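Just start.txt here, compact mmCIF, N, CA and C atoms:
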# COMPACT_ATOMS: atom_id res chain seq x y z
N MET A 26 -9.73 10.62 -52.88
CA MET A 26 -8.60 9.78 -53.23
C MET A 26 -9.13 8.40 -53.58
N GLN A 27 -8.49 7.80 -54.56
CA GLN A 27 -8.85 6.45 -54.95
C GLN A 27 -7.58 5.62 -55.06
N ILE A 28 -7.60 4.44 -54.47
CA ILE A 28 -6.48 3.52 -54.54
C ILE A 28 -6.97 2.28 -55.26
N ASP A 29 -6.30 1.91 -56.33
CA ASP A 29 -6.70 0.76 -57.13
C ASP A 29 -5.79 -0.42 -56.79
N VAL A 30 -6.31 -1.36 -56.00
CA VAL A 30 -5.55 -2.55 -55.64
C VAL A 30 -6.43 -3.78 -55.82
N SER A 31 -5.78 -4.90 -56.03
CA SER A 31 -6.51 -6.16 -56.15
C SER A 31 -6.99 -6.60 -54.76
N PRO A 32 -7.96 -7.51 -54.71
CA PRO A 32 -8.38 -8.03 -53.40
C PRO A 32 -7.21 -8.66 -52.62
N ASN A 33 -6.29 -9.32 -53.31
CA ASN A 33 -5.13 -9.90 -52.61
C ASN A 33 -4.25 -8.81 -52.01
N ASP A 34 -4.02 -7.74 -52.78
CA ASP A 34 -3.21 -6.65 -52.25
C ASP A 34 -3.95 -5.89 -51.15
N PHE A 35 -5.26 -5.81 -51.25
CA PHE A 35 -6.04 -5.17 -50.18
C PHE A 35 -5.90 -5.98 -48.89
N LYS A 36 -5.91 -7.30 -49.01
CA LYS A 36 -5.72 -8.16 -47.82
C LYS A 36 -4.34 -7.90 -47.22
N ARG A 37 -3.34 -7.76 -48.06
CA ARG A 37 -1.99 -7.45 -47.55
C ARG A 37 -1.97 -6.08 -46.86
N LEU A 38 -2.69 -5.14 -47.43
CA LEU A 38 -2.80 -3.81 -46.82
C LEU A 38 -3.49 -3.91 -45.46
N LEU A 39 -4.53 -4.72 -45.37
CA LEU A 39 -5.18 -4.95 -44.08
C LEU A 39 -4.18 -5.51 -43.07
N ASP A 40 -3.40 -6.49 -43.53
CA ASP A 40 -2.42 -7.12 -42.64
C ASP A 40 -1.41 -6.08 -42.13
N LEU A 41 -0.90 -5.26 -43.03
CA LEU A 41 0.06 -4.23 -42.62
C LEU A 41 -0.56 -3.26 -41.62
N CYS A 42 -1.76 -2.84 -41.90
CA CYS A 42 -2.44 -1.89 -41.03
C CYS A 42 -2.74 -2.52 -39.67
N TYR A 43 -3.25 -3.73 -39.68
CA TYR A 43 -3.60 -4.42 -38.44
C TYR A 43 -2.37 -4.62 -37.55
N LEU A 44 -1.29 -5.15 -38.15
CA LEU A 44 -0.07 -5.39 -37.38
C LEU A 44 0.56 -4.08 -36.93
N GLY A 45 0.58 -3.10 -37.81
CA GLY A 45 1.11 -1.79 -37.43
C GLY A 45 0.34 -1.18 -36.28
N ASN A 46 -0.96 -1.35 -36.30
CA ASN A 46 -1.81 -0.84 -35.22
C ASN A 46 -1.46 -1.50 -33.89
N ILE A 47 -1.23 -2.80 -33.92
CA ILE A 47 -0.85 -3.50 -32.70
C ILE A 47 0.49 -2.99 -32.18
N VAL A 48 1.48 -2.89 -33.06
CA VAL A 48 2.81 -2.47 -32.65
C VAL A 48 2.81 -1.04 -32.15
N LEU A 49 2.16 -0.14 -32.87
CA LEU A 49 2.15 1.27 -32.47
C LEU A 49 1.30 1.52 -31.23
N GLY A 50 0.29 0.69 -31.01
CA GLY A 50 -0.59 0.89 -29.87
C GLY A 50 -0.14 0.23 -28.59
N THR A 51 0.83 -0.68 -28.68
CA THR A 51 1.25 -1.44 -27.51
C THR A 51 1.83 -0.59 -26.39
N PRO A 52 2.74 0.36 -26.69
CA PRO A 52 3.35 1.11 -25.58
C PRO A 52 2.35 1.91 -24.74
N ASP A 53 1.32 2.46 -25.37
CA ASP A 53 0.36 3.29 -24.65
C ASP A 53 -1.03 3.08 -25.24
N PRO A 54 -1.70 1.98 -24.88
CA PRO A 54 -2.98 1.65 -25.51
C PRO A 54 -4.09 2.67 -25.28
N ASP A 55 -3.96 3.53 -24.27
CA ASP A 55 -5.00 4.50 -23.98
C ASP A 55 -4.71 5.89 -24.53
N SER A 56 -3.66 6.03 -25.33
CA SER A 56 -3.29 7.35 -25.82
C SER A 56 -4.19 7.80 -26.96
N ARG A 57 -4.18 9.09 -27.17
CA ARG A 57 -4.94 9.69 -28.28
C ARG A 57 -4.41 9.18 -29.62
N GLU A 58 -3.09 9.05 -29.71
CA GLU A 58 -2.47 8.55 -30.94
C GLU A 58 -2.93 7.13 -31.25
N THR A 59 -2.99 6.28 -30.24
CA THR A 59 -3.45 4.91 -30.44
C THR A 59 -4.91 4.90 -30.90
N ALA A 60 -5.72 5.78 -30.34
CA ALA A 60 -7.12 5.88 -30.76
C ALA A 60 -7.22 6.25 -32.23
N GLU A 61 -6.32 7.11 -32.69
CA GLU A 61 -6.31 7.51 -34.10
C GLU A 61 -5.91 6.33 -35.00
N TYR A 62 -4.92 5.56 -34.57
CA TYR A 62 -4.53 4.37 -35.34
C TYR A 62 -5.69 3.37 -35.37
N ASP A 63 -6.38 3.21 -34.26
CA ASP A 63 -7.55 2.31 -34.22
C ASP A 63 -8.61 2.79 -35.21
N ARG A 64 -8.84 4.09 -35.24
CA ARG A 64 -9.85 4.65 -36.15
C ARG A 64 -9.50 4.37 -37.60
N VAL A 65 -8.23 4.60 -37.96
CA VAL A 65 -7.80 4.36 -39.34
C VAL A 65 -7.91 2.88 -39.68
N THR A 66 -7.54 2.02 -38.76
CA THR A 66 -7.63 0.58 -39.00
C THR A 66 -9.08 0.17 -39.21
N ARG A 67 -9.98 0.64 -38.36
CA ARG A 67 -11.40 0.30 -38.52
C ARG A 67 -11.94 0.85 -39.84
N SER A 68 -11.49 2.04 -40.22
CA SER A 68 -11.93 2.63 -41.48
C SER A 68 -11.52 1.75 -42.66
N LEU A 69 -10.30 1.27 -42.64
CA LEU A 69 -9.83 0.40 -43.72
C LEU A 69 -10.63 -0.90 -43.76
N PHE A 70 -10.92 -1.47 -42.61
CA PHE A 70 -11.72 -2.70 -42.58
C PHE A 70 -13.13 -2.44 -43.09
N GLY A 71 -13.59 -1.21 -43.01
CA GLY A 71 -14.90 -0.85 -43.54
C GLY A 71 -15.02 -1.02 -45.04
N TYR A 72 -13.90 -1.04 -45.74
CA TYR A 72 -13.91 -1.24 -47.19
C TYR A 72 -13.92 -2.71 -47.60
N CYS A 73 -13.78 -3.61 -46.65
CA CYS A 73 -13.74 -5.04 -46.98
C CYS A 73 -14.91 -5.51 -47.85
N PRO A 74 -16.16 -5.15 -47.52
CA PRO A 74 -17.27 -5.63 -48.34
C PRO A 74 -17.20 -5.13 -49.80
N LEU A 75 -16.58 -3.98 -50.01
CA LEU A 75 -16.51 -3.41 -51.35
C LEU A 75 -15.52 -4.15 -52.26
N VAL A 76 -14.60 -4.90 -51.67
CA VAL A 76 -13.61 -5.62 -52.46
C VAL A 76 -13.77 -7.14 -52.35
N GLY A 77 -14.93 -7.57 -51.88
CA GLY A 77 -15.20 -9.00 -51.79
C GLY A 77 -14.61 -9.69 -50.58
N LEU A 78 -14.25 -8.91 -49.56
CA LEU A 78 -13.66 -9.48 -48.35
C LEU A 78 -14.52 -9.16 -47.12
N GLY A 79 -15.83 -9.11 -47.34
CA GLY A 79 -16.75 -8.76 -46.27
C GLY A 79 -16.64 -9.64 -45.05
N MET A 80 -16.18 -10.88 -45.24
CA MET A 80 -16.06 -11.79 -44.09
C MET A 80 -15.00 -11.34 -43.09
N TYR A 81 -14.13 -10.39 -43.50
CA TYR A 81 -13.09 -9.89 -42.61
C TYR A 81 -13.53 -8.70 -41.77
N ALA A 82 -14.73 -8.19 -42.01
CA ALA A 82 -15.23 -7.04 -41.27
C ALA A 82 -16.39 -7.47 -40.37
N HIS A 83 -16.39 -6.94 -39.16
CA HIS A 83 -17.44 -7.22 -38.18
C HIS A 83 -17.94 -5.88 -37.66
N ILE A 84 -19.24 -5.67 -37.70
CA ILE A 84 -19.82 -4.39 -37.28
C ILE A 84 -20.47 -4.54 -35.92
N VAL A 85 -20.09 -3.66 -35.00
CA VAL A 85 -20.66 -3.63 -33.66
C VAL A 85 -21.04 -2.19 -33.36
N ASP A 86 -22.31 -1.96 -33.10
CA ASP A 86 -22.81 -0.62 -32.79
C ASP A 86 -22.36 0.41 -33.82
N GLY A 87 -22.41 0.04 -35.09
CA GLY A 87 -22.06 0.95 -36.16
C GLY A 87 -20.56 1.13 -36.39
N GLU A 88 -19.73 0.48 -35.60
CA GLU A 88 -18.27 0.54 -35.76
C GLU A 88 -17.78 -0.75 -36.41
N VAL A 89 -16.85 -0.62 -37.34
CA VAL A 89 -16.29 -1.77 -38.04
C VAL A 89 -15.02 -2.23 -37.34
N TYR A 90 -14.91 -3.54 -37.14
CA TYR A 90 -13.75 -4.15 -36.50
C TYR A 90 -13.29 -5.34 -37.32
N PRO A 91 -12.05 -5.77 -37.15
CA PRO A 91 -11.64 -7.02 -37.79
C PRO A 91 -12.48 -8.17 -37.23
N SER A 92 -12.92 -9.05 -38.09
CA SER A 92 -13.77 -10.16 -37.67
C SER A 92 -12.93 -11.32 -37.14
N ASP A 93 -13.62 -12.28 -36.54
CA ASP A 93 -12.96 -13.50 -36.10
C ASP A 93 -12.36 -14.24 -37.30
N ALA A 94 -13.04 -14.17 -38.44
CA ALA A 94 -12.50 -14.81 -39.65
C ALA A 94 -11.17 -14.18 -40.04
N TYR A 95 -11.05 -12.88 -39.87
CA TYR A 95 -9.79 -12.22 -40.19
C TYR A 95 -8.70 -12.65 -39.21
N THR A 96 -8.98 -12.58 -37.93
CA THR A 96 -7.94 -12.92 -36.94
C THR A 96 -7.57 -14.39 -37.00
N ALA A 97 -8.47 -15.23 -37.52
CA ALA A 97 -8.18 -16.66 -37.67
C ALA A 97 -7.51 -16.97 -39.01
N SER A 98 -7.29 -15.95 -39.83
CA SER A 98 -6.74 -16.17 -41.17
C SER A 98 -5.22 -16.33 -41.19
N GLY A 99 -4.60 -16.35 -40.04
CA GLY A 99 -3.16 -16.55 -39.95
C GLY A 99 -2.38 -15.32 -39.54
N ILE A 100 -3.05 -14.19 -39.40
CA ILE A 100 -2.35 -12.96 -39.07
C ILE A 100 -1.72 -13.02 -37.68
N MET A 101 -2.38 -13.67 -36.74
CA MET A 101 -1.82 -13.75 -35.40
C MET A 101 -0.59 -14.66 -35.37
N ASP A 102 -0.56 -15.68 -36.22
CA ASP A 102 0.63 -16.52 -36.33
C ASP A 102 1.81 -15.70 -36.83
N ARG A 103 1.55 -14.81 -37.79
CA ARG A 103 2.62 -13.94 -38.31
C ARG A 103 3.15 -13.04 -37.20
N LEU A 104 2.25 -12.53 -36.37
CA LEU A 104 2.66 -11.67 -35.27
C LEU A 104 3.50 -12.45 -34.27
N LEU A 105 3.07 -13.66 -33.94
CA LEU A 105 3.83 -14.48 -32.99
C LEU A 105 5.20 -14.84 -33.54
N ASP A 106 5.29 -15.13 -34.84
CA ASP A 106 6.60 -15.41 -35.46
C ASP A 106 7.51 -14.19 -35.34
N TYR A 107 6.95 -13.01 -35.59
CA TYR A 107 7.72 -11.77 -35.47
C TYR A 107 8.19 -11.57 -34.02
N GLU A 108 7.30 -11.79 -33.07
CA GLU A 108 7.67 -11.61 -31.67
C GLU A 108 8.78 -12.57 -31.26
N ASP A 109 8.70 -13.82 -31.71
CA ASP A 109 9.76 -14.78 -31.40
C ASP A 109 11.09 -14.33 -31.97
N ALA A 110 11.09 -13.96 -33.25
CA ALA A 110 12.33 -13.55 -33.89
C ALA A 110 12.92 -12.32 -33.21
N THR A 111 12.08 -11.36 -32.90
CA THR A 111 12.55 -10.14 -32.26
C THR A 111 13.08 -10.44 -30.86
N MET A 112 12.37 -11.26 -30.13
CA MET A 112 12.80 -11.59 -28.77
C MET A 112 14.16 -12.26 -28.79
N PHE A 113 14.38 -13.22 -29.69
CA PHE A 113 15.66 -13.91 -29.75
C PHE A 113 16.78 -12.95 -30.17
N ASP A 114 16.51 -12.05 -31.12
CA ASP A 114 17.52 -11.08 -31.56
C ASP A 114 17.92 -10.16 -30.42
N ILE A 115 16.94 -9.64 -29.71
CA ILE A 115 17.22 -8.73 -28.60
C ILE A 115 17.94 -9.46 -27.47
N LEU A 116 17.47 -10.64 -27.13
CA LEU A 116 18.10 -11.41 -26.06
C LEU A 116 19.54 -11.75 -26.41
N ALA A 117 19.79 -12.18 -27.65
CA ALA A 117 21.15 -12.51 -28.07
C ALA A 117 22.07 -11.30 -27.95
N GLU A 118 21.60 -10.14 -28.39
CA GLU A 118 22.45 -8.95 -28.31
C GLU A 118 22.69 -8.54 -26.85
N GLU A 119 21.65 -8.57 -26.04
CA GLU A 119 21.81 -8.17 -24.64
C GLU A 119 22.77 -9.12 -23.90
N LEU A 120 22.65 -10.42 -24.14
CA LEU A 120 23.54 -11.38 -23.49
C LEU A 120 24.98 -11.21 -23.99
N ALA A 121 25.15 -10.98 -25.28
CA ALA A 121 26.49 -10.78 -25.84
C ALA A 121 27.13 -9.53 -25.25
N ARG A 122 26.37 -8.45 -25.17
CA ARG A 122 26.91 -7.21 -24.58
C ARG A 122 27.28 -7.44 -23.11
N ARG A 123 26.45 -8.19 -22.39
CA ARG A 123 26.77 -8.50 -21.00
C ARG A 123 28.06 -9.30 -20.91
N ASP A 124 28.16 -10.35 -21.73
CA ASP A 124 29.35 -11.20 -21.71
C ASP A 124 30.62 -10.40 -21.99
N LEU A 125 30.54 -9.48 -22.93
CA LEU A 125 31.71 -8.71 -23.36
C LEU A 125 31.85 -7.40 -22.59
N ASP A 126 30.93 -7.15 -21.67
CA ASP A 126 30.91 -5.92 -20.88
C ASP A 126 30.97 -4.69 -21.78
N LEU A 127 30.05 -4.67 -22.78
CA LEU A 127 30.00 -3.58 -23.75
C LEU A 127 28.71 -2.80 -23.62
N ARG A 128 28.82 -1.51 -23.63
CA ARG A 128 27.65 -0.63 -23.71
C ARG A 128 27.53 -0.15 -25.16
N ASP A 129 28.50 0.65 -25.57
CA ASP A 129 28.59 1.12 -26.94
C ASP A 129 29.78 0.40 -27.57
N THR A 130 29.77 0.28 -28.89
CA THR A 130 30.86 -0.43 -29.55
C THR A 130 31.48 0.43 -30.63
N ASP A 131 32.79 0.28 -30.80
CA ASP A 131 33.46 0.88 -31.94
C ASP A 131 33.59 -0.21 -33.01
N GLU A 132 34.19 0.12 -34.14
CA GLU A 132 34.27 -0.84 -35.25
C GLU A 132 35.02 -2.11 -34.85
N ARG A 133 36.07 -1.97 -34.10
CA ARG A 133 36.89 -3.12 -33.68
C ARG A 133 36.07 -4.06 -32.79
N GLU A 134 35.35 -3.50 -31.85
CA GLU A 134 34.55 -4.31 -30.93
C GLU A 134 33.29 -4.87 -31.60
N ASN A 135 32.81 -4.19 -32.63
CA ASN A 135 31.57 -4.61 -33.28
C ASN A 135 31.70 -6.01 -33.88
N GLU A 136 32.85 -6.33 -34.46
CA GLU A 136 33.05 -7.65 -35.05
C GLU A 136 32.98 -8.74 -33.97
N VAL A 137 33.61 -8.48 -32.85
CA VAL A 137 33.57 -9.43 -31.73
C VAL A 137 32.14 -9.57 -31.22
N LEU A 138 31.45 -8.45 -31.10
CA LEU A 138 30.06 -8.47 -30.64
C LEU A 138 29.18 -9.27 -31.60
N GLN A 139 29.32 -9.02 -32.90
CA GLN A 139 28.50 -9.74 -33.88
C GLN A 139 28.77 -11.24 -33.85
N THR A 140 30.00 -11.62 -33.63
CA THR A 140 30.34 -13.05 -33.52
C THR A 140 29.64 -13.66 -32.32
N ARG A 141 29.69 -12.96 -31.19
CA ARG A 141 29.06 -13.47 -29.96
C ARG A 141 27.54 -13.53 -30.11
N ILE A 142 26.95 -12.53 -30.74
CA ILE A 142 25.50 -12.55 -31.01
C ILE A 142 25.17 -13.77 -31.86
N GLY A 143 25.97 -14.03 -32.89
CA GLY A 143 25.75 -15.19 -33.75
C GLY A 143 25.80 -16.50 -32.99
N GLU A 144 26.71 -16.59 -32.03
CA GLU A 144 26.80 -17.81 -31.21
C GLU A 144 25.51 -18.00 -30.42
N TYR A 145 24.99 -16.93 -29.84
CA TYR A 145 23.73 -17.05 -29.11
C TYR A 145 22.58 -17.41 -30.05
N LEU A 146 22.51 -16.77 -31.21
CA LEU A 146 21.43 -17.07 -32.15
C LEU A 146 21.49 -18.52 -32.62
N ASP A 147 22.70 -19.03 -32.82
CA ASP A 147 22.84 -20.46 -33.18
C ASP A 147 22.30 -21.35 -32.06
N GLU A 148 22.64 -21.01 -30.83
CA GLU A 148 22.16 -21.78 -29.68
C GLU A 148 20.64 -21.74 -29.59
N PHE A 149 20.07 -20.55 -29.75
CA PHE A 149 18.61 -20.42 -29.68
C PHE A 149 17.94 -21.16 -30.83
N SER A 150 18.57 -21.15 -31.98
CA SER A 150 18.02 -21.85 -33.14
C SER A 150 17.97 -23.36 -32.90
N MET A 151 19.01 -23.87 -32.25
CA MET A 151 19.07 -25.32 -31.99
C MET A 151 18.25 -25.75 -30.79
N HIS A 152 18.21 -24.91 -29.74
CA HIS A 152 17.62 -25.36 -28.48
C HIS A 152 16.56 -24.43 -27.90
N GLY A 153 16.24 -23.36 -28.60
CA GLY A 153 15.28 -22.41 -28.04
C GLY A 153 15.81 -21.87 -26.73
N LEU A 154 14.98 -21.85 -25.72
CA LEU A 154 15.37 -21.35 -24.39
C LEU A 154 15.71 -22.47 -23.42
N ASP A 155 15.76 -23.71 -23.91
CA ASP A 155 15.96 -24.85 -23.03
C ASP A 155 17.23 -24.77 -22.19
N ASN A 156 18.28 -24.16 -22.68
CA ASN A 156 19.54 -24.09 -21.96
C ASN A 156 19.78 -22.74 -21.29
N LEU A 157 18.74 -21.94 -21.20
CA LEU A 157 18.86 -20.63 -20.58
C LEU A 157 18.43 -20.75 -19.11
N TYR A 158 19.30 -20.31 -18.22
CA TYR A 158 19.03 -20.37 -16.78
C TYR A 158 19.27 -19.01 -16.16
N THR A 159 18.55 -18.73 -15.08
CA THR A 159 18.78 -17.50 -14.34
C THR A 159 19.11 -17.87 -12.90
N GLU A 160 19.92 -17.06 -12.29
CA GLU A 160 20.26 -17.27 -10.88
C GLU A 160 19.28 -16.55 -10.00
N GLY A 161 18.93 -17.14 -8.89
CA GLY A 161 18.12 -16.47 -7.90
C GLY A 161 16.63 -16.50 -8.16
N VAL A 162 16.22 -17.21 -9.17
CA VAL A 162 14.77 -17.27 -9.47
C VAL A 162 14.26 -18.65 -9.19
Please re-express this file's structure in structure tokens.
Amino acid sequence: MQIDVSPNDFKRLLDLCYLGNIVLGTPDPDSRETAEYDRVTRSLFGYCPLVGLGMYAHIVDGEVYPSDAYTASGIMDRLLDYEDATMFDILAEELARRDLDLRDTDERENEVLQTRIGEYLDEFSMHGLDNLYTEGV
């Protein structure tokens, strides 16, 4: 198989693979499936020198890994941005469901739920977690 992509698109492919590997491997880092994702990710990084991106590959004991130059290229910032956005979305929905005492929603309740989620997201956008308090902690 041959894939014809530009060096810029190859970098994007690396980013997708790297981030996907982190997300898919997080629940069970010691699983066989995670090991397979790691193998595929390392294999893709092995092509970096062939497309002029050799600085993104680091070889240790014959195995290719993402280099420090790659991890410092901004990919971790993208992951942190994603984690923040996801955390706020999940927290807003969970708090809204708690406030409205909702488990599952029908169409009528969904509009009320979405409004309440929006209120929380607005609050988080303006103040982050500064106004969030827990009892008993």
Can I get the residues of stretch 64-123 of chain A within 12 Å of stretch 143-157 of chain A, each with the closest pair of atoms and their distance in Å to one decimal, using only C-alpha atoms, sorted chain first then ascending number, as a tab-separated table?
residue	atom	partner	partner_atom	distance
A:Asp109	CA	A:Gly153	CA	10.0
A:Ala110	CA	A:Leu146	CA	9.9
A:Thr111	CA	A:Leu146	CA	11.3
A:Met112	CA	A:Phe149	CA	10.6
A:Phe113	CA	A:Leu146	CA	7.0
A:Asp114	CA	A:Leu146	CA	7.2
A:Ile115	CA	A:Leu146	CA	10.0
A:Leu116	CA	A:Tyr145	CA	8.5
A:Ala117	CA	A:Tyr145	CA	5.3
A:Glu118	CA	A:Tyr145	CA	8.2
A:Glu119	CA	A:Tyr145	CA	10.1
A:Leu120	CA	A:Tyr145	CA	8.0
A:Ala121	CA	A:Tyr145	CA	7.6
A:Arg122	CA	A:Tyr145	CA	11.3
When DSSP works through the backbone of this structure, what residues of stretch 99-135 of chain A end up as alpha helix (DSSP H), shown as a PyMOL selection string? chain A and resi 101-125+132-135
Separation of atom N of A:Gly79 and atom CA of A:Glu108, in Å?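 So the two atoms, atom N of A:Gly79 and atom CA of A:Glu108, lie 28.4 Å apart.
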For atom CA of A:Leu41 and atom CA of A:Arg64, quote the distance in Å rounded to one decimal. 14.8 Å
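The nearest approach to A:Ser68 among the residues A:Phe35, A:Tyr81, A:Tyr90, A:Val48, with only N, CA and C atoms taken into account, belongs to A:Tyr90.
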Padding 4 Å on each side, edges along x, y and z: where is the centre of the box around the listed atoms of stretch 92-95 of chain A, and how long are its edges in Å to one decimal? Output it as lines of an AutoDock Vina configuration file.
center_x = -11.2
center_y = -11.9
center_z = -38.1
size_x = 13.1
size_y = 13.8
size_z = 12.1
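Coordinates place atom CA of A:Leu39 at a distance of 16.0 Å from atom CA of A:Glu61.
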Compare A:Ala94, A:Asp29, A:Asp34, A:Thr130 by their minimum atom-to-atom distance to A:Ala82, counting all atoms listed in the file, and give me the closest one. A:Ala94
